[in-house]
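This is data.cif (mmCIF, C-alpha atoms).
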data_model
#
loop_
_atom_site.label_atom_id
_atom_site.label_comp_id
_atom_site.auth_asym_id
_atom_site.auth_seq_id
_atom_site.Cartn_x
_atom_site.Cartn_y
_atom_site.Cartn_z
CA MET A 1 237.24 -36.14 47.93
CA ASP A 2 236.95 -38.35 44.85
CA PHE A 3 240.60 -37.55 44.11
CA PHE A 4 241.99 -40.75 45.57
CA GLY A 5 239.48 -42.82 43.62
CA SER A 6 240.91 -41.56 40.31
CA LEU A 7 244.49 -42.55 41.13
CA SER A 8 245.95 -45.81 40.03
CA ALA A 9 246.86 -48.44 42.57
CA SER A 10 250.46 -48.49 41.40
CA GLY A 11 250.95 -44.79 42.02
CA LEU A 12 249.44 -44.68 45.50
CA SER A 13 249.50 -47.13 48.38
CA SER A 14 246.12 -48.42 49.55
CA GLN A 15 247.13 -47.87 53.18
CA PRO A 16 246.73 -44.21 54.22
CA THR A 17 249.28 -42.36 56.27
CA LEU A 18 248.87 -41.67 59.96
CA PHE A 19 248.47 -37.95 59.28
CA GLU A 20 245.45 -38.56 57.04
CA ILE A 21 243.77 -40.59 59.78
CA ILE A 22 244.55 -37.96 62.42
CA SER A 23 243.14 -35.24 60.15
CA ALA A 24 239.89 -37.17 59.76
CA GLU A 25 239.67 -37.68 63.53
CA GLU A 26 240.31 -33.99 64.20
CA LEU A 27 237.58 -33.02 61.75
CA SER A 28 235.14 -35.41 63.42
CA SER A 29 235.96 -34.01 66.89
CA LEU A 30 235.40 -30.41 65.72
CA LEU A 31 231.94 -30.97 64.25
CA ALA A 32 230.08 -31.11 67.59
CA PRO A 33 231.66 -27.96 69.12
CA SER A 34 231.10 -26.02 65.89
CA LEU A 35 227.43 -26.98 65.69
CA ARG A 36 227.04 -26.29 69.41
CA TYR A 37 228.37 -22.76 68.94
CA VAL A 38 226.03 -22.11 66.00
CA VAL A 39 223.01 -23.39 67.95
CA ALA A 40 223.94 -21.40 71.08
CA TYR A 41 224.51 -18.21 69.08
CA THR A 42 221.21 -18.62 67.23
CA ALA A 43 219.35 -19.50 70.43
CA GLN A 44 220.35 -16.15 71.93
CA ARG A 45 218.54 -14.38 69.11
CA HIS A 46 215.56 -16.76 68.95
CA PRO A 47 215.27 -18.32 72.43
CA ARG A 48 211.61 -19.16 72.01
CA TYR A 49 212.32 -21.76 69.34
CA LEU A 50 215.91 -22.89 69.89
CA LEU A 51 216.48 -22.70 73.65
CA LYS A 52 215.20 -26.23 74.25
CA ILE A 53 217.37 -27.53 71.41
CA ALA A 54 220.42 -25.81 72.91
CA HIS A 55 219.74 -27.40 76.30
CA ARG A 56 219.38 -30.87 74.75
CA PHE A 57 222.09 -30.47 72.13
CA ASP A 58 224.16 -33.47 73.28
CA GLU A 59 221.26 -35.89 73.02
CA ILE A 60 220.01 -34.49 69.69
CA TYR A 61 223.51 -34.57 68.21
CA LEU A 62 223.94 -38.14 69.49
CA ALA A 63 220.79 -39.30 67.70
CA LEU A 64 221.53 -37.50 64.42
CA SER A 65 225.18 -38.52 64.31
CA ALA A 66 224.24 -42.13 65.09
CA VAL A 67 221.92 -42.24 62.08
CA ILE A 68 224.40 -40.55 59.75
CA GLU A 69 227.44 -42.55 60.89
CA TYR A 70 225.53 -45.84 60.65
CA GLN A 71 224.51 -45.11 57.06
CA PHE A 72 228.07 -44.16 56.10
CA LEU A 73 229.52 -47.24 57.78
CA LYS A 74 226.94 -49.41 56.06
CA ARG A 75 227.36 -47.90 52.58
CA HIS A 76 231.00 -46.80 52.49
CA ASN A 77 232.61 -48.69 55.40
CA SER A 78 233.74 -45.33 56.75
CA SER A 79 232.55 -42.56 58.99
CA PHE A 80 231.37 -39.19 57.69
CA ALA A 81 234.72 -37.48 58.26
CA GLU A 82 236.72 -40.45 56.96
CA ASN A 83 234.70 -40.56 53.77
CA PHE A 84 235.27 -36.82 53.38
CA TYR A 85 239.03 -37.51 53.43
CA GLY A 86 238.74 -40.48 51.05
CA LEU A 87 239.31 -43.16 53.71
CA LYS A 88 237.49 -46.33 54.65
CA ARG A 89 237.65 -49.14 57.22
CA VAL A 90 238.28 -52.68 56.01
CA ARG A 91 238.53 -56.10 57.57
CA THR A 92 242.05 -57.36 58.19
CA LEU A 93 242.55 -60.39 55.93
CA ALA A 94 245.05 -63.21 56.33
CA ILE A 95 246.42 -62.55 52.82
CA ASP A 96 247.76 -59.34 51.36
CA PRO A 97 244.90 -57.73 49.38
CA ALA A 98 247.30 -55.64 47.28
CA ALA A 99 248.68 -58.79 45.61
CA LEU A 100 245.25 -59.86 44.32
CA ASN A 101 243.61 -56.46 43.89
CA ASP A 102 244.60 -56.18 40.22
CA TYR A 103 243.10 -59.60 39.37
CA ALA A 104 239.91 -59.69 41.45
CA PRO A 105 239.17 -56.19 42.79
CA LYS A 106 235.46 -56.82 43.33
CA GLN A 107 236.04 -60.03 45.28
CA ILE A 108 238.69 -58.37 47.43
CA ARG A 109 236.40 -55.42 48.10
CA ASP A 110 233.53 -57.71 49.13
CA ALA A 111 235.82 -59.70 51.41
CA GLN A 112 237.04 -56.52 53.09
CA ARG A 113 233.59 -55.13 53.83
CA LEU A 114 232.76 -54.77 57.49
CA LYS A 115 230.58 -57.31 59.22
CA ARG A 116 227.54 -56.25 61.21
CA HIS A 117 229.25 -56.57 64.61
CA GLN A 118 232.17 -54.48 63.32
CA ILE A 119 229.79 -51.76 62.14
CA ILE A 120 228.06 -51.72 65.53
CA GLY A 121 231.42 -51.65 67.31
CA HIS A 122 232.75 -48.73 65.27
CA LEU A 123 229.43 -46.93 65.69
CA PHE A 124 229.81 -47.25 69.46
CA VAL A 125 233.37 -45.90 69.30
CA LEU A 126 232.46 -43.02 66.98
CA VAL A 127 229.20 -41.86 68.59
CA VAL A 128 228.43 -43.37 72.00
CA LEU A 129 231.92 -43.36 73.51
CA PRO A 130 232.56 -39.62 72.88
CA TYR A 131 229.14 -38.82 74.39
CA ILE A 132 229.90 -40.85 77.52
CA ASN A 133 233.37 -39.35 77.78
CA GLU A 134 231.93 -35.82 77.54
CA LYS A 135 229.42 -36.47 80.32
CA ILE A 136 232.01 -38.12 82.58
CA SER A 137 234.50 -35.28 81.96
CA ARG A 138 231.95 -32.68 83.01
CA ARG A 139 231.08 -34.68 86.12
CA TYR A 140 234.75 -35.13 86.98
CA GLU A 141 235.43 -31.40 86.68
CA LEU A 142 232.51 -30.71 89.02
CA LEU A 143 233.67 -33.28 91.56
CA ILE A 144 237.30 -32.18 91.50
CA ALA A 145 236.21 -28.57 92.03
CA ARG A 146 234.11 -29.58 95.02
CA SER A 147 236.99 -31.55 96.46
CA ALA A 148 239.40 -28.65 95.99
CA PHE A 149 237.13 -26.22 97.86
CA GLY A 150 236.11 -28.76 100.51
CA THR A 151 232.42 -28.81 99.56
CA HIS A 152 232.36 -32.47 98.48
CA THR A 153 230.83 -34.20 101.49
CA GLN A 154 229.41 -37.69 101.50
CA SER A 155 226.30 -38.14 103.60
CA GLU A 156 224.56 -41.39 104.36
CA PRO A 157 222.46 -42.32 101.28
CA SER A 158 218.76 -42.68 101.91
CA SER A 159 217.80 -44.44 98.66
CA HIS A 160 219.24 -46.80 96.09
CA TYR A 161 219.59 -43.96 93.59
CA GLU A 162 221.70 -41.87 95.99
CA ARG A 163 223.80 -44.92 96.85
CA LEU A 164 224.40 -45.59 93.15
CA THR A 165 225.22 -41.91 92.55
CA GLN A 166 227.78 -41.91 95.37
CA PHE A 167 229.39 -45.08 94.06
CA THR A 168 229.55 -43.65 90.51
CA ASP A 169 231.04 -40.38 91.74
CA HIS A 170 233.65 -42.32 93.70
CA LEU A 171 234.66 -44.27 90.59
CA ILE A 172 234.81 -41.13 88.45
CA LEU A 173 236.79 -39.14 91.00
CA HIS A 174 239.41 -41.82 91.72
CA TYR A 175 239.64 -44.02 88.61
CA TYR A 176 238.58 -41.91 85.61
CA PRO A 177 241.91 -40.05 85.18
CA ALA A 178 243.89 -43.31 85.33
CA ALA A 179 241.57 -45.06 82.87
CA LYS A 180 241.73 -42.14 80.46
CA ALA A 181 245.52 -42.01 80.70
CA CYS A 182 245.81 -45.75 79.99
CA LEU A 183 243.53 -45.49 76.95
CA THR A 184 245.49 -42.51 75.63
CA LEU A 185 248.83 -44.28 76.10
CA SER A 186 247.54 -47.40 74.33
CA ASN A 187 246.34 -45.34 71.37
CA VAL A 188 249.69 -43.54 71.22
CA GLY A 189 251.47 -46.88 71.21
CA PHE A 190 249.28 -48.26 68.41
CA SER A 191 249.80 -45.04 66.42
CA ALA A 192 253.57 -45.39 66.80
CA PHE A 193 253.44 -49.01 65.58
CA TYR A 194 251.20 -47.94 62.69
CA LEU A 195 253.57 -45.12 61.78
CA PHE A 196 256.49 -47.55 61.44
CA GLN A 197 254.27 -50.12 59.65
CA ALA A 198 254.54 -52.60 62.49
CA SER A 199 250.75 -52.87 62.88
CA ASN A 200 247.69 -52.41 60.68
CA ALA A 201 245.59 -51.05 63.55
CA HIS A 202 246.24 -47.47 64.59
CA ASN A 203 244.26 -47.61 67.87
CA LEU A 204 242.90 -50.11 70.39
CA ALA A 205 239.40 -50.20 68.86
CA ASP A 206 240.72 -51.22 65.43
CA TYR A 207 242.82 -53.94 67.03
CA LEU A 208 239.90 -55.37 69.00
CA LEU A 209 237.54 -55.23 66.00
CA ASN A 210 240.19 -56.63 63.62
CA THR A 211 239.93 -53.73 61.17
CA SER A 212 242.32 -51.32 59.49
CA TYR A 213 242.24 -48.27 57.23
CA ALA A 214 242.44 -48.10 53.45
CA ARG A 215 241.88 -45.50 50.76
CA LEU A 216 238.68 -45.34 48.73
CA THR A 217 238.97 -46.55 45.15
CA SER A 218 236.83 -46.13 42.07
CA PHE A 219 234.96 -49.35 42.92
CA ASP A 220 233.77 -47.83 46.20
CA TYR A 221 231.94 -45.03 44.39
CA ASP A 222 229.96 -47.44 42.17
CA THR A 223 227.16 -48.04 44.68
CA PRO A 224 224.21 -50.17 43.56
CA ALA A 225 221.82 -47.80 45.33
CA THR A 226 222.48 -45.11 42.75
CA GLN A 227 221.96 -47.31 39.68
CA GLN A 228 218.67 -47.74 37.84
CA ASP A 229 217.69 -49.52 34.68
CA GLU A 230 215.73 -46.76 32.97
CA ASP A 231 215.16 -43.12 33.86
CA PRO A 232 211.48 -42.27 34.52
CA LYS A 233 210.10 -39.76 32.03
CA THR A 234 206.58 -38.84 33.06
CA LEU A 235 205.57 -37.28 36.38
CA SER A 236 203.65 -40.38 37.47
CA GLU A 237 206.66 -42.59 36.73
CA LYS A 238 208.94 -40.26 38.73
CA LEU A 239 206.58 -40.30 41.73
CA ALA A 240 206.27 -44.08 41.55
CA PHE A 241 210.04 -44.41 41.36
CA LEU A 242 210.56 -42.15 44.40
CA CYS A 243 208.05 -44.19 46.40
CA SER A 244 209.80 -47.44 45.52
CA LEU A 245 212.65 -48.95 47.54
CA GLN A 246 215.18 -48.06 44.84
CA GLY A 247 213.96 -44.47 44.81
CA LEU A 248 214.21 -44.18 48.59
CA LYS A 249 217.77 -45.48 48.44
CA LEU A 250 218.55 -42.88 45.78
CA VAL A 251 217.12 -40.10 47.96
CA GLU A 252 219.09 -41.37 50.95
CA SER A 253 222.28 -41.44 48.90
CA SER A 254 221.68 -37.90 47.62
CA VAL A 255 221.05 -36.57 51.14
CA LEU A 256 224.22 -38.17 52.52
CA ASP A 257 226.28 -36.87 49.62
CA SER A 258 224.86 -33.38 50.10
CA LEU A 259 226.12 -33.37 53.70
CA GLN A 260 229.70 -33.48 52.46
CA THR A 261 228.98 -30.62 50.06
CA MET A 262 227.48 -28.63 52.90
CA LEU A 263 230.54 -29.33 55.07
CA ALA A 264 232.92 -28.13 52.36
CA THR A 265 230.79 -25.02 51.82
CA ALA A 266 230.71 -24.30 55.55
CA MET A 267 234.51 -24.64 55.78
CA PHE A 268 234.93 -22.22 52.90
CA GLY A 269 232.48 -19.79 54.50
CA LEU A 270 234.34 -19.99 57.82
CA LYS A 271 237.68 -19.23 56.17
CA PHE A 272 236.10 -16.35 54.26
CA ALA A 273 234.64 -14.96 57.51
CA GLU A 274 238.06 -15.22 59.19
CA TRP A 275 239.68 -13.38 56.27
CA TRP A 276 236.97 -10.72 56.32
CA ALA A 277 237.38 -10.18 60.06
CA ALA A 278 241.18 -10.00 59.80
CA SER A 279 241.20 -7.53 56.88
CA ASP A 280 240.14 -3.87 56.99
CA ILE A 281 237.90 -4.08 53.93
CA GLY A 282 234.74 -4.06 56.03
CA THR A 283 235.95 -1.00 57.94
CA GLN A 284 236.81 0.83 54.75
CA LEU A 285 233.41 0.08 53.22
CA SER A 286 231.68 1.20 56.42
CA MET A 287 233.66 4.47 56.50
CA LYS A 288 232.93 5.04 52.83
CA HIS A 289 229.22 4.51 53.43
CA ARG A 290 229.18 6.82 56.44
CA SER A 291 231.15 9.49 54.62
CA GLY A 292 228.45 9.60 51.97
CA VAL A 293 225.67 10.27 54.49
CA ASP A 294 224.70 13.94 54.46
CA SER A 295 228.00 14.89 52.79
CA VAL A 296 226.50 18.16 51.55
CA LEU A 297 225.30 20.23 54.50
CA PRO A 298 222.01 22.08 54.00
CA PRO A 299 222.11 25.86 54.35
CA PRO A 300 221.30 27.21 57.84
CA THR A 301 217.68 28.08 58.38
CA GLY A 302 215.87 30.01 61.04
CA ALA A 303 216.53 28.55 64.44
CA ASN A 304 213.15 29.38 65.95
CA THR A 305 211.07 26.99 63.83
CA VAL A 306 213.56 24.12 64.11
CA LEU A 307 214.22 24.49 67.82
CA GLN A 308 210.51 24.50 68.59
CA LYS A 309 210.40 20.93 67.22
CA VAL A 310 213.49 19.93 69.14
CA GLU A 311 212.38 21.19 72.55
CA GLU A 312 208.89 22.22 73.61
CA LYS A 313 209.71 23.21 77.20
CA PRO A 314 209.26 26.98 77.69
CA THR A 315 212.24 27.20 80.03
CA MET A 316 214.55 25.95 77.30
CA GLU A 317 213.39 28.07 74.36
CA LEU A 318 216.30 29.01 72.17
CA LYS A 319 217.02 32.51 70.96
CA ALA A 320 217.42 33.42 67.32
CA LEU A 321 220.71 33.11 65.58
CA SER A 322 223.04 36.05 65.84
CA ASP A 323 225.23 37.50 63.13
CA ASP A 324 228.10 37.45 65.59
CA ASN A 325 230.13 34.28 65.09
CA GLN A 326 231.45 34.48 68.67
CA SER A 327 228.03 33.92 70.26
CA CYS A 328 226.36 30.59 70.96
CA PRO A 329 223.36 29.88 68.67
CA ILE A 330 221.48 28.45 71.67
CA CYS A 331 222.02 30.89 74.57
CA HIS A 332 222.88 33.88 72.31
CA GLU A 333 225.81 34.77 74.56
CA SER A 334 229.56 34.50 74.27
CA ILE A 335 230.65 30.90 73.85
CA THR A 336 232.17 29.35 76.95
CA ASN A 337 233.86 25.94 76.84
CA PRO A 338 233.32 25.69 73.05
CA ALA A 339 232.19 22.38 71.54
CA ILE A 340 231.54 21.36 67.92
CA ILE A 341 229.13 18.78 66.49
CA GLU A 342 229.02 16.90 63.20
CA THR A 343 227.36 19.70 61.23
CA GLY A 344 230.26 22.07 61.96
CA PHE A 345 228.46 24.52 64.28
CA VAL A 346 230.05 25.59 67.56
CA PHE A 347 228.08 25.89 70.81
CA CYS A 348 228.67 26.13 74.51
CA TYR A 349 229.34 22.61 75.72
CA THR A 350 226.67 22.78 78.43
CA CYS A 351 224.11 24.23 76.01
CA ILE A 352 224.50 21.65 73.26
CA PHE A 353 224.76 18.75 75.71
CA ARG A 354 221.58 19.86 77.53
CA ILE A 355 219.65 20.28 74.27
CA LEU A 356 220.65 16.87 72.90
CA SER A 357 220.31 14.90 76.13
CA ASP A 358 216.94 16.37 77.19
CA ALA A 359 215.25 16.17 73.78
CA PRO A 360 212.27 13.82 73.33
CA GLN A 361 212.70 10.56 71.40
CA GLU A 362 210.51 11.58 68.48
CA THR A 363 212.24 14.86 67.56
CA GLY A 364 215.65 14.53 69.26
CA GLY A 365 219.04 13.60 67.90
CA ARG A 366 219.23 16.55 65.46
CA CYS A 367 221.37 19.62 65.02
CA PRO A 368 219.67 22.62 66.71
CA VAL A 369 220.60 24.87 63.75
CA THR A 370 220.08 22.80 60.61
CA GLY A 371 217.77 20.05 61.89
CA GLN A 372 220.08 17.40 60.39
CA ARG A 373 220.06 14.03 62.16
CA LEU A 374 223.28 13.39 64.08
CA LEU A 375 225.09 10.08 63.93
CA GLY A 376 226.60 10.69 67.36
CA ALA A 377 223.22 10.81 69.12
CA ARG A 378 221.50 7.47 69.78
CA TYR A 379 218.39 6.92 71.89
CA ILE A 380 218.54 3.93 74.29
CA GLU A 381 214.99 2.69 74.71
CA ASN A 382 215.48 0.48 77.77
CA GLN A 383 217.14 3.38 79.65
CA GLU A 384 214.89 6.06 78.10
CA GLN A 385 217.74 8.47 77.54
CA TRP A 386 220.04 9.71 74.79
CA GLU A 387 223.62 8.50 74.37
CA ILE A 388 225.62 11.50 73.11
CA THR A 389 229.00 10.69 71.53
CA GLY A 390 229.23 13.26 68.73
CA ILE A 391 230.27 16.36 70.74
CA ARG A 392 233.91 17.40 70.44
CA ARG A 393 235.47 20.13 72.57
CA LEU A 394 237.57 22.83 70.92
CA ILE A 395 240.79 24.28 72.24
CA ILE A 396 241.02 27.94 71.13
#

Go ahead and render the structure in this file as structure tokens.
Amino acid sequence: MDFFGSLSASGLSSQPTLFEIISAEELSSLLAPSLRYVVAYTAQRHPRYLLKIAHRFDEIYLALSAVIEYQFLKRHNSSFAENFYGLKRVRTLAIDPAALNDYAPKQIRDAQRLKRHQIIGHLFVLVVLPYINEKISRRYELLIARSAFGTHTQSEPSSHYERLTQFTDHLILHYYPAAKACLTLSNVGFSAFYLFQASNAHNLADYLLNTSYARLTSFDYDTPATQQDEDPKTLSEKLAFLCSLQGLKLVESSVLDSLQTMLATAMFGLKFAEWWAASDIGTQLSMKHRSGVDSVLPPPTGANTVLQKVEEKPTMELKALSDDNQSCPICHESITNPAIIETGFVFCYTCIFRILSDAPQETGGRCPVTGQRLLGARYIENQEQWEITGIRRLII
């Protein structure tokens, strides 16, 4: 997103549009659900290692996002998503910074940098407030469901904790929707004023913290943390540089910059996965692969030797193949209720189904005539039985 930094100030206004700000906010709100889905999906496959992380995802994400957002606010005066879109937060000055930006850009940039209390305030709005809102929303949904079904009963509290819990639930159940509606309406009003350039703040938090939005410029990418007087040449000099304060700042800057690259790569991978799922290329490749499996059928061999491997029970010994094409290769009688399998041989439906379903796991799932493994016969280990899907009945 260095595109805006390469544009001249005369060709592009320093104040971003409302749609750019909304896009950055939408991206920030989608990061937590996306990561939650990835962690939950991975935890199903590896519950031993990731189940505890999935259960404590909100707290872990709160800690990590607090560290990342604080570093971005401190270095770039913007959140992670805002920096990805080429935006930053600046202090609202009494004078118009665009009038003096061409003469003293560095002084204007230093004057617009956020103060410590503004960084802490925006960090609370970006990280802590969404976490609290998520917890209160879940509690409100639980309480409103109990009230709807008549299971929300208030008993006499026996401890201070229960008394505090009852009081908190009362506030959430009766005042949370109104408070949320008021906050939403205030943000909508500020956004409308911002859209018509009647206000520099696009929400209530920016108004209270006396900040506004601006686009990143080329001066914002020249960070002192990434500058060094002389590149280390030997291995000892490189290790000493990495252990120094300047080297640690360089590592920190590289890690933060790599997060944006990872985000862009993940977005590209998601779009590629959506395209792959919507197209039939995967199905065509799968059908092409399956069509090449055992495309040339082996010649029929003696049935006695093959069938002895398929079934060892004496009551189900199969007779030899007959030269008569109208007889079943298994029961050696006229075919009744004919059925065909993948290898092209026709049997009595009851005969072929009994042979395939009663076969042992080690030697089952094969054609009784050729011994070829069948794709339509799959052994289910937890049920200890065969799932037969490759038998097709014939209408003669």

### Query
Which of these, A:Arg373, A:Asn382, A:Ile172, A:Thr389, has the shortest distance to Ile340 (chain A) once you count all atoms listed in the file?
A:Thr389

### Query
When distances are computed from only C-alpha atoms, which of A:Pro16, A:Leu185, A:Trp386, A:Met262 shows the smallest separation from Gln197 (chain A)?
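Of A:Pro16, A:Leu185, A:Trp386, A:Met262, the one nearest Gln197 (chain A), counting only C-alpha atoms, is A:Pro16.
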
#### Entry: Point-to-point distance from CA of Ser28 (chain A) to CA of Ala81 (chain A), Å rounded to tenths
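Separation of CA of Ser28 (chain A) and CA of Ala81 (chain A): 5.6 Å.
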
### Task
Can you give me, as a VMD selection string, the residues this file yields under the PyMOL selection byres ((chain A and resi 61-69) around 8)?
chain A and resid 32 57 to 60 70 to 73 79 to 80 123 126 to 128 131 256

Would you mind exporting the chosen residues as a PDB file, keeping the file's coordinate frame, restricted to C-alpha atoms?
ATOM      1  CA  ALA A  32     230.080 -31.110  67.590  1.00  0.00           C
ATOM      2  CA  PHE A  57     222.090 -30.470  72.130  1.00  0.00           C
ATOM      3  CA  ASP A  58     224.160 -33.470  73.280  1.00  0.00           C
ATOM      4  CA  GLU A  59     221.260 -35.890  73.020  1.00  0.00           C
ATOM      5  CA  ILE A  60     220.010 -34.490  69.690  1.00  0.00           C
ATOM      6  CA  TYR A  70     225.530 -45.840  60.650  1.00  0.00           C
ATOM      7  CA  GLN A  71     224.510 -45.110  57.060  1.00  0.00           C
ATOM      8  CA  PHE A  72     228.070 -44.160  56.100  1.00  0.00           C
ATOM      9  CA  LEU A  73     229.520 -47.240  57.780  1.00  0.00           C
ATOM     10  CA  SER A  79     232.550 -42.560  58.990  1.00  0.00           C
ATOM     11  CA  PHE A  80     231.370 -39.190  57.690  1.00  0.00           C
ATOM     12  CA  LEU A 123     229.430 -46.930  65.690  1.00  0.00           C
ATOM     13  CA  LEU A 126     232.460 -43.020  66.980  1.00  0.00           C
ATOM     14  CA  VAL A 127     229.200 -41.860  68.590  1.00  0.00           C
ATOM     15  CA  VAL A 128     228.430 -43.370  72.000  1.00  0.00           C
ATOM     16  CA  TYR A 131     229.140 -38.820  74.390  1.00  0.00           C
ATOM     17  CA  LEU A 256     224.220 -38.170  52.520  1.00  0.00           C
TER      18      LEU A 256
END

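Distances from A:Thr42, A:Asn83, A:Ser158, A:Ser186 to Glu20 (chain A) were compared using only C-alpha atoms, and the smallest one belongs to A:Asn83.
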
### Top pick for closest residue to Ser137 (chain A), considering A:Tyr49, A:Tyr194, A:Tyr176, A:Phe219 and counting all atoms listed in the file
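Looking at the shortest contact to Ser137 (chain A), the residue is A:Tyr176.
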
### Atom pair CA of Gly376 (chain A) / CA of His332 (chain A): separation (Å)
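Separating CA of Gly376 (chain A) from CA of His332 (chain A) is a distance of 24.0 Å.
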
### Query
For Ala339 (chain A), which of A:Pro177, A:Gly390, A:Gly86, A:Pro47 is the closest residue, counting all atoms listed in the file?
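Among A:Pro177, A:Gly390, A:Gly86, A:Pro47, it is A:Gly390 that comes nearest to Ala339 (chain A).
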
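Distances to Thr217 (chain A) were evaluated for A:Arg109, A:Tyr161, A:Gly364, A:Asn203 using all atoms listed in the file, and the minimum falls at A:Arg109.
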
### Query
When you draw a straight line from CA of Ser334 (chain A) to CA of Ala359 (chain A), how long is it in Å?
23.3 Å

### Task
Given the file shown, determine the residues that the PyMOL selection byres ((chain A and resi 212) around 9) selects; report them as a list in words.
Gln15, Lys88, Arg89, Val90, Arg91, Thr92, Asn200, Ala201, His202, Asp206, Tyr207, Leu209, Asn210, Thr211, Tyr213 and Ala214 of chain A

#### Entry: All residues 12 Å or closer to Phe19 (chain A), all atoms listed in the file, same chain fewer than 2 positions away omitted, as a VMD selection string
chain A and resid 15 to 17 21 to 26 85 87 191 to 192 194 to 195 202

Could the residues in this selection be written to a file with C-alpha atoms, as an mmCIF file, keeping the file's coordinate frame?
data_model
loop_
_atom_site.group_PDB
_atom_site.id
_atom_site.type_symbol
_atom_site.label_atom_id
_atom_site.label_comp_id
_atom_site.auth_asym_id
_atom_site.auth_seq_id
_atom_site.Cartn_x
_atom_site.Cartn_y
_atom_site.Cartn_z
ATOM 1 C CA GLN A 15 247.130 -47.870 53.180
ATOM 2 C CA PRO A 16 246.730 -44.210 54.220
ATOM 3 C CA THR A 17 249.280 -42.360 56.270
ATOM 4 C CA ILE A 21 243.770 -40.590 59.780
ATOM 5 C CA ILE A 22 244.550 -37.960 62.420
ATOM 6 C CA SER A 23 243.140 -35.240 60.150
ATOM 7 C CA ALA A 24 239.890 -37.170 59.760
ATOM 8 C CA GLU A 25 239.670 -37.680 63.530
ATOM 9 C CA GLU A 26 240.310 -33.990 64.200
ATOM 10 C CA TYR A 85 239.030 -37.510 53.430
ATOM 11 C CA LEU A 87 239.310 -43.160 53.710
ATOM 12 C CA SER A 191 249.800 -45.040 66.420
ATOM 13 C CA ALA A 192 253.570 -45.390 66.800
ATOM 14 C CA TYR A 194 251.200 -47.940 62.690
ATOM 15 C CA LEU A 195 253.570 -45.120 61.780
ATOM 16 C CA HIS A 202 246.240 -47.470 64.590
#

### Task
Fewer than 3 positions away in the same chain doesn't count, so skip those; otherwise give me all residues within 12 Å of Phe345 (chain A), counting only C-alpha atoms, as a count of residues only.
29
